[in-house]
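**Q** Contents of final.cif (mmCIF, C-alpha atoms) are below:
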data_start
#
loop_
_atom_site.label_atom_id
_atom_site.label_comp_id
_atom_site.auth_asym_id
_atom_site.auth_seq_id
_atom_site.Cartn_x
_atom_site.Cartn_y
_atom_site.Cartn_z
CA MET A 1 0.00 0.00 0.00
CA ALA A 2 2.44 2.58 -1.25
CA SER A 3 1.38 6.15 -0.63
CA ASP A 4 0.46 8.21 -3.69
CA LYS A 5 1.95 11.22 -1.90
CA VAL A 6 5.49 9.89 -2.41
CA VAL A 7 7.02 11.35 -5.58
CA HIS A 8 9.11 8.98 -7.69
CA ILE A 9 11.89 10.88 -9.43
CA SER A 10 14.53 10.12 -12.07
CA ASP A 11 17.98 11.57 -12.80
CA SER A 12 16.53 13.87 -15.46
CA GLU A 13 13.84 15.22 -13.10
CA PHE A 14 16.13 15.70 -10.10
CA GLU A 15 17.33 19.22 -10.90
CA ASN A 16 13.87 20.55 -11.56
CA LYS A 17 11.81 18.66 -8.98
CA ILE A 18 14.27 18.65 -6.06
CA MET A 19 17.02 21.25 -6.42
CA GLY A 20 14.62 23.82 -7.85
CA ASN A 21 11.79 23.10 -5.45
CA ALA A 22 10.59 25.88 -3.15
CA LEU A 23 9.70 23.31 -0.49
CA PRO A 24 12.21 21.21 1.48
CA CYS A 25 12.62 17.77 -0.10
CA LEU A 26 13.55 14.44 1.50
CA VAL A 27 14.88 11.98 -1.09
CA ASP A 28 15.04 8.26 -0.26
CA PHE A 29 17.70 6.62 -2.43
CA TRP A 30 16.71 2.96 -2.66
CA ALA A 31 16.79 -0.17 -4.80
CA PRO A 32 14.48 -3.15 -5.14
CA TRP A 33 17.17 -5.61 -3.97
CA CYS A 34 17.77 -3.77 -0.69
CA GLY A 35 16.04 -5.30 2.34
CA PRO A 36 16.42 -2.33 4.71
CA CYS A 37 15.02 -0.08 1.94
CA LYS A 38 11.93 -2.24 1.95
CA ALA A 39 11.89 -2.10 5.74
CA ILE A 40 11.59 1.70 5.83
CA GLY A 41 9.11 1.83 2.93
CA PRO A 42 6.02 2.05 5.17
CA VAL A 43 7.66 4.80 7.26
CA ILE A 44 8.40 6.85 4.14
CA ASP A 45 4.75 6.51 3.11
CA GLU A 46 3.59 7.70 6.53
CA LEU A 47 5.96 10.68 6.45
CA ALA A 48 4.61 11.65 3.04
CA SER A 49 1.11 11.87 4.50
CA GLU A 50 2.26 13.59 7.69
CA PHE A 51 4.27 16.33 5.95
CA ASP A 52 1.95 16.64 2.94
CA GLY A 53 2.10 20.18 1.55
CA LYS A 54 5.08 21.12 3.76
CA VAL A 55 7.86 18.79 2.62
CA VAL A 56 8.25 16.85 -0.63
CA ILE A 57 8.94 13.19 0.15
CA ALA A 58 10.59 11.58 -2.89
CA LYS A 59 12.15 8.25 -3.83
CA MET A 60 14.86 7.58 -6.37
CA ASN A 61 15.68 4.07 -7.60
CA VAL A 62 19.51 4.00 -7.74
CA ASP A 63 19.51 1.10 -10.21
CA ASP A 64 17.61 3.08 -12.83
CA ASN A 65 19.22 6.42 -11.93
CA PRO A 66 22.96 6.14 -11.28
CA ALA A 67 23.92 9.78 -11.94
CA THR A 68 22.36 11.49 -8.91
CA PRO A 69 23.60 8.95 -6.33
CA GLY A 70 27.07 9.30 -7.89
CA GLN A 71 26.88 13.08 -7.62
CA PHE A 72 26.21 12.81 -3.87
CA GLY A 73 28.77 10.05 -3.22
CA ILE A 74 26.16 7.53 -2.12
CA ARG A 75 27.72 4.12 -1.42
CA ALA A 76 25.09 2.60 0.81
CA ILE A 77 21.33 2.42 0.74
CA PRO A 78 18.93 3.36 2.01
CA THR A 79 20.40 6.86 2.17
CA LEU A 80 18.00 9.72 2.85
CA ILE A 81 19.10 13.23 1.97
CA LEU A 82 17.23 16.34 3.01
CA PHE A 83 17.45 19.24 0.52
CA LYS A 84 16.37 22.84 0.94
CA GLY A 85 16.86 25.58 -1.64
CA GLY A 86 19.14 23.34 -3.71
CA GLU A 87 21.46 22.60 -0.77
CA VAL A 88 21.97 19.47 1.32
CA VAL A 89 20.72 20.14 4.86
CA ASP A 90 21.59 16.71 6.33
CA GLN A 91 21.51 13.02 5.56
CA ILE A 92 21.00 9.63 7.20
CA THR A 93 22.10 6.17 6.04
CA GLY A 94 20.42 2.93 7.08
CA ALA A 95 16.97 1.83 8.13
CA VAL A 96 16.38 4.23 11.00
CA GLY A 97 13.16 4.71 12.98
CA LYS A 98 10.36 7.10 12.16
CA SER A 99 11.21 9.54 14.95
CA GLN A 100 14.78 9.92 13.65
CA LEU A 101 13.43 10.76 10.20
CA GLN A 102 10.93 13.22 11.67
CA ASP A 103 13.79 14.92 13.53
CA LEU A 104 15.77 15.04 10.28
CA ILE A 105 12.89 16.61 8.35
CA LYS A 106 12.30 19.20 11.07
CA LYS A 107 15.79 20.59 10.40
CA ALA A 108 14.41 22.06 7.20
CA LEU A 109 11.18 23.48 8.65
CA MET B 1 -9.16 -6.96 37.11
CA GLN B 2 -8.76 -5.13 33.83
CA GLN B 3 -9.14 -7.26 30.70
CA ALA B 4 -6.16 -7.64 28.39
CA GLN B 5 -6.84 -6.66 24.78
CA TYR B 6 -4.90 -9.63 23.43
CA GLN B 7 -4.05 -13.12 24.57
CA LEU B 8 -0.65 -12.72 22.96
CA ILE B 9 1.49 -9.88 21.64
CA ILE B 10 4.52 -10.84 19.56
CA VAL B 11 7.29 -8.25 19.56
CA GLY B 12 9.20 -8.39 16.28
CA GLY B 13 8.39 -9.79 12.85
CA GLY B 14 11.40 -11.83 11.78
CA PRO B 15 11.18 -15.60 11.18
CA ALA B 16 10.60 -16.31 14.88
CA GLY B 17 7.82 -13.74 15.22
CA LEU B 18 6.17 -14.64 11.92
CA THR B 19 6.15 -18.34 12.80
CA ALA B 20 4.75 -17.67 16.28
CA GLY B 21 2.18 -15.43 14.61
CA LEU B 22 1.26 -18.07 12.06
CA TYR B 23 0.75 -20.66 14.79
CA ALA B 24 -1.19 -18.28 17.03
CA ALA B 25 -3.48 -17.01 14.27
CA ARG B 26 -4.09 -20.55 13.08
CA GLY B 27 -4.75 -21.52 16.71
CA ARG B 28 -7.41 -18.78 16.83
CA LEU B 29 -5.66 -16.85 19.57
CA LYS B 30 -6.40 -13.15 19.88
CA VAL B 31 -2.92 -12.18 18.76
CA LEU B 32 -1.08 -9.09 17.54
CA LEU B 33 2.38 -8.87 16.01
CA VAL B 34 4.18 -5.53 16.40
CA GLU B 35 6.99 -4.75 13.96
CA LYS B 36 8.89 -1.47 13.65
CA GLY B 37 9.88 -1.74 9.98
CA ALA B 38 8.87 -4.39 7.50
CA THR B 39 8.54 -8.07 8.41
CA GLY B 40 11.53 -10.31 7.85
CA GLY B 41 14.20 -9.05 10.20
CA GLN B 42 17.75 -9.88 9.24
CA VAL B 43 16.58 -12.32 6.56
CA LEU B 44 15.67 -9.24 4.53
CA VAL B 45 19.38 -8.55 4.10
CA THR B 46 20.33 -12.18 3.48
CA ASP B 47 21.40 -12.63 -0.09
CA TRP B 48 20.68 -16.31 -0.51
CA VAL B 49 19.27 -19.01 1.77
CA ASP B 50 20.58 -22.37 0.64
CA ASN B 51 19.69 -24.58 3.60
CA TYR B 52 16.03 -23.96 4.45
CA PRO B 53 14.31 -27.34 4.09
CA GLY B 54 11.82 -27.58 1.27
CA PHE B 55 13.47 -24.95 -0.90
CA ILE B 56 15.56 -27.39 -2.88
CA GLU B 57 17.19 -24.86 -5.19
CA GLY B 58 17.62 -22.30 -2.40
CA ILE B 59 15.68 -19.05 -2.10
CA SER B 60 16.55 -15.37 -1.68
CA GLY B 61 16.10 -13.97 1.81
CA PHE B 62 13.68 -11.46 0.35
CA ASP B 63 11.45 -14.15 -1.19
CA LEU B 64 11.54 -16.30 1.93
CA VAL B 65 10.31 -13.35 4.00
CA ASP B 66 7.52 -12.70 1.51
CA LYS B 67 6.40 -16.32 1.75
CA MET B 68 6.55 -16.40 5.57
CA THR B 69 4.58 -13.15 5.79
CA ALA B 70 1.98 -14.34 3.27
CA HIS B 71 1.69 -17.63 5.15
CA ALA B 72 0.91 -15.84 8.44
CA ASP B 73 -1.47 -13.51 6.56
CA ARG B 74 -3.35 -16.53 5.23
CA PHE B 75 -4.47 -17.26 8.79
CA GLY B 76 -5.36 -13.63 9.34
CA LEU B 77 -2.51 -12.60 11.63
CA GLU B 78 -3.13 -9.06 12.87
CA LYS B 79 0.00 -6.92 12.46
CA LYS B 80 0.86 -3.43 13.55
CA TYR B 81 3.79 -1.47 12.15
CA ALA B 82 4.93 0.74 15.00
CA THR B 83 7.92 1.53 17.17
CA ILE B 84 7.66 0.38 20.77
CA THR B 85 9.00 2.76 23.41
CA ALA B 86 8.43 0.67 26.55
CA LEU B 87 7.50 -2.84 27.63
CA ASN B 88 5.98 -3.72 30.99
CA LEU B 89 6.42 -7.46 31.32
CA THR B 90 5.67 -8.14 34.97
CA GLY B 91 2.24 -8.86 36.41
CA GLU B 92 -0.60 -10.87 34.96
CA ILE B 93 -1.30 -8.32 32.23
CA LYS B 94 1.65 -7.10 30.20
CA SER B 95 1.64 -3.79 28.39
CA VAL B 96 3.33 -2.43 25.30
CA LEU B 97 3.69 1.32 24.89
CA LEU B 98 3.95 2.59 21.32
CA GLU B 99 5.67 5.73 20.08
CA SER B 100 2.24 7.18 19.26
CA GLY B 101 1.31 6.95 22.95
CA GLU B 102 -1.06 4.03 22.39
CA ILE B 103 -0.91 1.29 25.05
CA LEU B 104 -1.58 -2.34 24.12
CA THR B 105 -2.16 -5.07 26.69
CA ALA B 106 -1.83 -8.84 26.58
CA LYS B 107 -1.74 -11.86 28.85
CA THR B 108 1.43 -13.16 27.25
CA ILE B 109 4.35 -11.79 25.27
CA ILE B 110 6.77 -13.48 22.91
CA LEU B 111 9.97 -11.48 22.49
CA CYS B 112 11.31 -11.84 18.95
CA THR B 113 13.33 -8.64 18.83
CA GLY B 114 16.29 -10.31 17.16
CA ALA B 115 19.80 -9.02 16.78
CA ARG B 116 21.71 -6.60 14.59
CA PRO B 117 25.23 -6.52 13.15
CA ARG B 118 28.01 -5.86 15.63
CA LYS B 119 30.34 -2.95 15.02
CA LEU B 120 34.11 -2.93 15.22
CA ASP B 121 34.13 0.22 17.32
CA ILE B 122 37.33 1.61 15.77
CA PRO B 123 38.31 5.11 14.60
CA GLY B 124 36.79 6.05 11.24
CA GLU B 125 34.09 3.37 11.35
CA TYR B 126 31.26 5.70 12.28
CA GLU B 127 32.61 8.64 10.26
CA PHE B 128 32.67 6.59 7.05
CA SER B 129 29.49 4.60 7.69
CA GLY B 130 27.56 4.74 4.41
CA ARG B 131 30.60 6.15 2.63
CA GLY B 132 32.63 2.96 2.42
CA VAL B 133 31.82 1.21 5.69
CA SER B 134 28.86 -1.14 5.31
CA TYR B 135 27.10 -3.83 7.35
CA CYS B 136 24.97 -5.15 4.48
CA ALA B 137 26.61 -6.78 1.47
CA THR B 138 23.35 -7.38 -0.38
CA CYS B 139 22.44 -3.69 -0.03
CA ASP B 140 25.69 -2.04 -0.89
CA GLY B 141 27.65 -4.54 -3.00
CA PRO B 142 26.56 -3.04 -6.34
CA PHE B 143 28.21 0.29 -5.41
CA TYR B 144 31.64 -1.39 -5.56
CA ARG B 145 31.78 -2.55 -9.17
CA ASN B 146 35.41 -3.15 -10.24
CA GLN B 147 36.75 -1.85 -6.95
CA GLU B 148 38.96 -3.50 -4.33
CA ILE B 149 37.21 -3.99 -1.02
CA ALA B 150 37.61 -5.84 2.28
CA VAL B 151 35.41 -7.99 4.49
CA VAL B 152 36.15 -8.35 8.19
CA GLY B 153 34.95 -11.54 9.86
CA GLY B 154 35.24 -15.30 9.51
CA GLY B 155 31.77 -16.70 10.15
CA ASN B 156 29.05 -17.83 7.78
CA THR B 157 27.75 -14.34 7.07
CA ALA B 158 31.21 -12.94 6.39
CA ILE B 159 32.17 -15.70 3.96
CA GLN B 160 28.81 -15.93 2.19
CA ASP B 161 28.81 -12.16 1.75
CA ALA B 162 32.45 -12.15 0.56
CA LEU B 163 31.36 -14.61 -2.14
CA HIS B 164 28.38 -12.40 -3.03
CA LEU B 165 30.64 -9.33 -3.24
CA THR B 166 32.87 -11.01 -5.85
CA LYS B 167 29.99 -10.51 -8.28
CA PHE B 168 30.79 -6.79 -8.17
CA ALA B 169 34.24 -6.10 -6.75
CA SER B 170 37.48 -6.84 -8.62
CA LYS B 171 39.05 -8.16 -5.41
CA VAL B 172 37.75 -9.01 -1.95
CA THR B 173 40.20 -9.32 0.94
CA VAL B 174 38.84 -11.25 3.92
CA ILE B 175 40.44 -10.00 7.13
CA HIS B 176 40.14 -12.41 10.03
CA ARG B 177 41.63 -12.16 13.49
CA ARG B 178 42.10 -15.93 13.75
CA SER B 179 44.05 -18.42 11.64
CA GLU B 180 40.99 -20.34 10.46
CA LEU B 181 37.40 -19.63 9.51
CA ARG B 182 34.34 -20.48 11.60
CA ALA B 183 32.18 -20.61 8.47
CA THR B 184 30.76 -23.94 7.37
CA LYS B 185 32.97 -26.11 5.14
CA ILE B 186 31.00 -25.70 1.91
CA LEU B 187 31.35 -21.92 2.14
CA GLN B 188 35.06 -22.23 3.00
CA GLU B 189 35.61 -24.41 -0.09
CA LYS B 190 33.84 -21.90 -2.32
CA ALA B 191 35.81 -19.01 -0.85
CA PHE B 192 39.21 -20.74 -1.08
CA CYS B 193 38.50 -21.66 -4.71
CA ASN B 194 37.40 -18.15 -5.67
CA GLN B 195 40.17 -16.30 -7.53
CA LYS B 196 38.87 -12.91 -6.44
CA ILE B 197 39.08 -13.65 -2.69
CA ASP B 198 42.29 -13.16 -0.71
CA PHE B 199 42.74 -13.87 2.99
CA LEU B 200 44.63 -11.95 5.66
CA TRP B 201 44.88 -14.21 8.72
CA ASN B 202 45.56 -13.22 12.33
CA THR B 203 44.92 -9.63 11.37
CA GLN B 204 42.87 -6.87 12.96
CA VAL B 205 41.55 -3.64 11.51
CA LEU B 206 42.76 -0.74 13.67
CA GLU B 207 41.39 2.22 11.75
CA VAL B 208 39.31 3.15 8.71
CA ARG B 209 40.88 5.97 6.72
CA GLY B 210 39.58 8.08 3.88
CA ASN B 211 38.97 11.47 2.37
CA LYS B 212 35.96 13.54 1.41
CA ASN B 213 34.98 10.92 -1.16
CA GLY B 214 34.86 8.14 1.41
CA VAL B 215 37.06 5.25 2.49
CA ASP B 216 40.43 4.85 0.78
CA SER B 217 42.38 2.54 3.09
CA LEU B 218 42.52 0.49 6.30
CA LEU B 219 45.20 0.42 8.93
CA LEU B 220 45.85 -3.20 9.90
CA ARG B 221 47.78 -4.94 12.64
CA HIS B 222 49.18 -8.39 12.02
CA HIS B 223 49.92 -11.24 14.42
CA ASN B 224 53.59 -10.27 14.84
CA GLY B 225 52.64 -6.71 15.77
CA ASP B 226 53.54 -5.20 12.40
CA GLU B 227 51.16 -2.63 11.01
CA SER B 228 50.31 -2.15 7.35
CA VAL B 229 47.93 -0.18 5.14
CA LEU B 230 45.50 -1.89 2.77
CA ASN B 231 44.08 0.25 -0.02
CA VAL B 232 40.36 -0.44 -0.40
CA THR B 233 37.32 1.70 -1.13
CA GLY B 234 34.96 -0.37 0.97
CA LEU B 235 34.91 -2.30 4.25
CA PHE B 236 32.11 -4.73 5.02
CA VAL B 237 31.91 -5.39 8.76
CA LEU B 238 30.43 -8.87 9.30
CA ILE B 239 31.59 -9.92 12.77
CA GLY B 240 28.45 -11.33 14.33
CA VAL B 241 25.49 -9.82 16.07
CA THR B 242 24.49 -7.87 19.13
CA PRO B 243 21.05 -8.35 20.78
CA ASN B 244 18.19 -5.90 20.26
CA ASN B 245 17.53 -5.79 24.01
CA GLU B 246 17.25 -2.05 24.64
CA LEU B 247 13.55 -2.33 25.51
CA LEU B 248 13.97 -5.32 27.77
CA PRO B 249 14.07 -5.01 31.57
CA LEU B 250 17.38 -6.80 32.06
CA ASP B 251 17.14 -6.34 35.83
CA GLN B 252 14.07 -8.60 35.84
CA LEU B 253 14.66 -10.74 32.78
CA ARG B 254 17.52 -13.23 33.02
CA ALA B 255 20.07 -12.69 30.27
CA ASP B 256 23.58 -13.93 29.51
CA GLU B 257 26.77 -11.82 29.60
CA GLY B 258 26.17 -10.75 26.01
CA GLY B 259 22.69 -9.49 26.82
CA PHE B 260 20.82 -12.34 25.09
CA VAL B 261 17.69 -13.59 26.89
CA ILE B 262 17.93 -16.94 28.69
CA THR B 263 14.99 -19.32 28.26
CA ASP B 264 14.25 -22.94 29.03
CA GLY B 265 13.60 -25.53 26.32
CA GLU B 266 9.99 -24.38 26.06
CA MET B 267 11.16 -20.79 25.34
CA ALA B 268 9.93 -19.51 28.73
CA THR B 269 11.97 -16.62 30.15
CA SER B 270 12.45 -15.90 33.86
CA ILE B 271 9.22 -13.84 33.86
CA PRO B 272 5.93 -15.83 33.86
CA GLY B 273 3.96 -15.31 30.67
CA VAL B 274 6.96 -13.94 28.80
CA PHE B 275 8.62 -16.11 26.17
CA ALA B 276 11.47 -15.48 23.74
CA ALA B 277 12.36 -16.93 20.35
CA GLY B 278 14.93 -16.35 17.62
CA ASP B 279 18.17 -14.40 17.70
CA ILE B 280 17.36 -12.56 20.94
CA ARG B 281 17.73 -15.89 22.79
CA SER B 282 20.95 -16.95 24.43
CA LYS B 283 22.15 -19.85 22.27
CA GLN B 284 24.93 -21.22 20.15
CA SER B 285 23.56 -21.09 16.61
CA ARG B 286 21.52 -18.38 14.95
CA GLN B 287 19.82 -19.82 11.90
CA ILE B 288 16.52 -19.00 10.18
CA ILE B 289 15.33 -22.55 10.73
CA ASN B 290 15.85 -22.50 14.50
CA ALA B 291 14.35 -19.02 14.80
CA ALA B 292 11.23 -20.35 13.07
CA GLY B 293 11.26 -23.52 15.18
CA GLU B 294 11.59 -21.55 18.40
CA GLY B 295 8.72 -19.30 17.31
CA ALA B 296 6.51 -22.37 17.00
CA VAL B 297 7.63 -23.76 20.38
CA ALA B 298 7.09 -20.39 22.08
CA GLU B 299 3.55 -20.12 20.70
CA LEU B 300 2.66 -23.62 21.85
CA SER B 301 4.04 -22.72 25.27
CA VAL B 302 1.79 -19.66 25.27
CA GLU B 303 -1.23 -21.86 24.56
CA HIS B 304 -0.17 -24.12 27.42
CA TYR B 305 0.33 -21.12 29.74
CA LEU B 306 -3.09 -19.74 28.84
CA GLY B 307 -4.39 -23.20 29.71
CA ASN B 308 -7.99 -23.96 29.21
CA GLN B 309 -9.08 -20.37 28.81
CA ALA B 310 -11.77 -20.27 26.17
CA PRO B 311 -10.64 -18.69 22.92
CA ASP B 312 -11.94 -15.17 22.43
CA THR B 313 -13.27 -16.17 19.03
CA PRO B 314 -15.93 -18.88 18.81
CA LEU B 315 -15.27 -21.95 16.69
CA ASN B 316 -16.24 -21.23 13.14
CA CYS B 317 -17.65 -23.79 10.74
CA SER B 318 -18.02 -21.57 7.70
CA GLU B 319 -14.53 -22.23 6.32
#
Would you give me this structure, written as structure tokens?
**A**
Amino acid sequence: MASDKVVHISDSEFENKIMGNALPCLVDFWAPWCGPCKAIGPVIDELASEFDGKVVIAKMNVDDNPATPGQFGIRAIPTLILFKGGEVVDQITGAVGKSQLQDLIKKAL
Amino acid sequence: MQQAQYQLIIVGGGPAGLTAGLYAARGRLKVLLVEKGATGGQVLVTDWVDNYPGFIEGISGFDLVDKMTAHADRFGLEKKYATITALNLTGEIKSVLLESGEILTAKTIILCTGARPRKLDIPGEYEFSGRGVSYCATCDGPFYRNQEIAVVGGGNTAIQDALHLTKFASKVTVIHRRSELRATKILQEKAFCNQKIDFLWNTQVLEVRGNKNGVDSLLLRHHNGDESVLNVTGLFVLIGVTPNNELLPLDQLRADEGGFVITDGEMATSIPGVFAAGDIRSKQSRQIINAAGEGAVAELSVEHYLGNQAPDTPLNCSE
């Protein structure tokens, strides 16, 4: 039951939809073969509902989109990066709990 | 006395919890399984399961979890995805406090909180976590295509994951503090025959070093006291597990020196009505098959503990 509030983005959309976005954006870099990515999936969906209209919650499949993860030096997934005004605010790697992600997001609010 | 909402609450949804849940739901217990992430536990990060009976060709950890979850779902197991902030295990009615503030109560609890990868606890490990230091080969292996990397450890997970990593890396150096592996013989054979795997015996990692791009080398100490530098872009730390016992009242619940919960053969802990199954238990071997088996035993012990109490749901002849 994936949330329809989560935005799925590609390399070509990244600049426009994330870096150029007026709202803060949390991007979950994931892949289908990554167990912990699957583990935090439901949490990401909940965050998308909770912060709807305030923060863009996005997912990028690193298998299909290698350029953006390369640009940010990502070597482990899931990695979640919080962007605001085209800058990295902070990031977390690994399947962390919901409260840790809420605390991360609040750094951009 | 206040009524408990459930006859049984299972804490954790790995193989132990899912099996206990399957048995309890099939046994028509009023049961709830609480899981903080997705079901599956550490099996979710297991590349390939070659020794689970019935799966003759082997099965990916991912697929095995899907099947176990679907099997429990078939009997209508009620699941809740939430983080638990406190457990009250003493008394006739146990309670589980969720992050949301909600309190759940049950007559019995099965602890299936599992374990997580142990860390080396050396300089640079935390700093480069996610930027070259990894605890999950199936997750992060594909980021190391044609690179030279290292694995630290000598058990089944370390050697199986070293083999998995050879699909991506140009060279995998296994660093082990002893002179022989603990891994099972078939994995040892595969590893010794693999041209991409090198071994450094009687060697410890002292420090992870790198630059702004991530890890570039490891400082090692050998048996004779000599130190050397190994140039690698990745280090996979696979040195066993540490118990997920942070929520457990270790002053009341008997545990071993490592913090794993001690039970009897029926999976009963030192607190009446509280059982434990899977990797959180104090035991020698941590396998998917014994986690599942212990989940079944624990659930049957719960039924025995609950005794002849009438099931909350009436017998149903419509199925």
**Q** The PyMOL selection byres ((chain A) within 12 of (chain B)) - which residues does that actually catch in the file I just gave you? List them as number ranges by chain.
**A** A: 29-46, 62-63, 66, 69-80, 91-100
**Q** So how many Å separate CA of Gly273 (chain B) and CA of Ser100 (chain B), to one decimal?
**A**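 Separation between CA of Gly273 (chain B) and CA of Ser100 (chain B): 25.3 Å.
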**Q** Suppose a student applies the PyMOL selection byres ((chain A and resi 47) around 12) to this structure; what residues should they get, written as an NGL selection string?
**A** :A and (2-6 or 25-28 or 40-46 or 48-58 or 97-106)
**Q** Using the chain letters and numbers from the file, give me the residues hit by the PyMOL selection byres ((chain A and resi 15-20) around 8), as a list in words.
**A**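 Given this file, the PyMOL selection byres ((chain A and resi 15-20) around 8) evaluates to Ile9, Asp11, Ser12, Glu13, Phe14, Asn21, Ala22, Cys25, Phe83, Lys84, Gly85, Gly86 and Glu87 of chain A.
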**Q** To one decimal place, how far is CA of Trp48 (chain B) from CA of Gln287 (chain B) in Å?
**A** 12.9 Å
**Q** Could you please determine the separation between CA of Ser301 (chain B) and CA of Lys94 (chain B) in Å, to one decimal place?
**A**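 Here the two named atoms are 16.6 Å from each other.
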**Q** With all atoms listed in the file as the atoms that count, which of B:Thr69, B:Ser170, B:Ser95, B:Thr113 lies nearest to Phe260 (chain B)?
**A**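 Closest candidate: B:Thr113.
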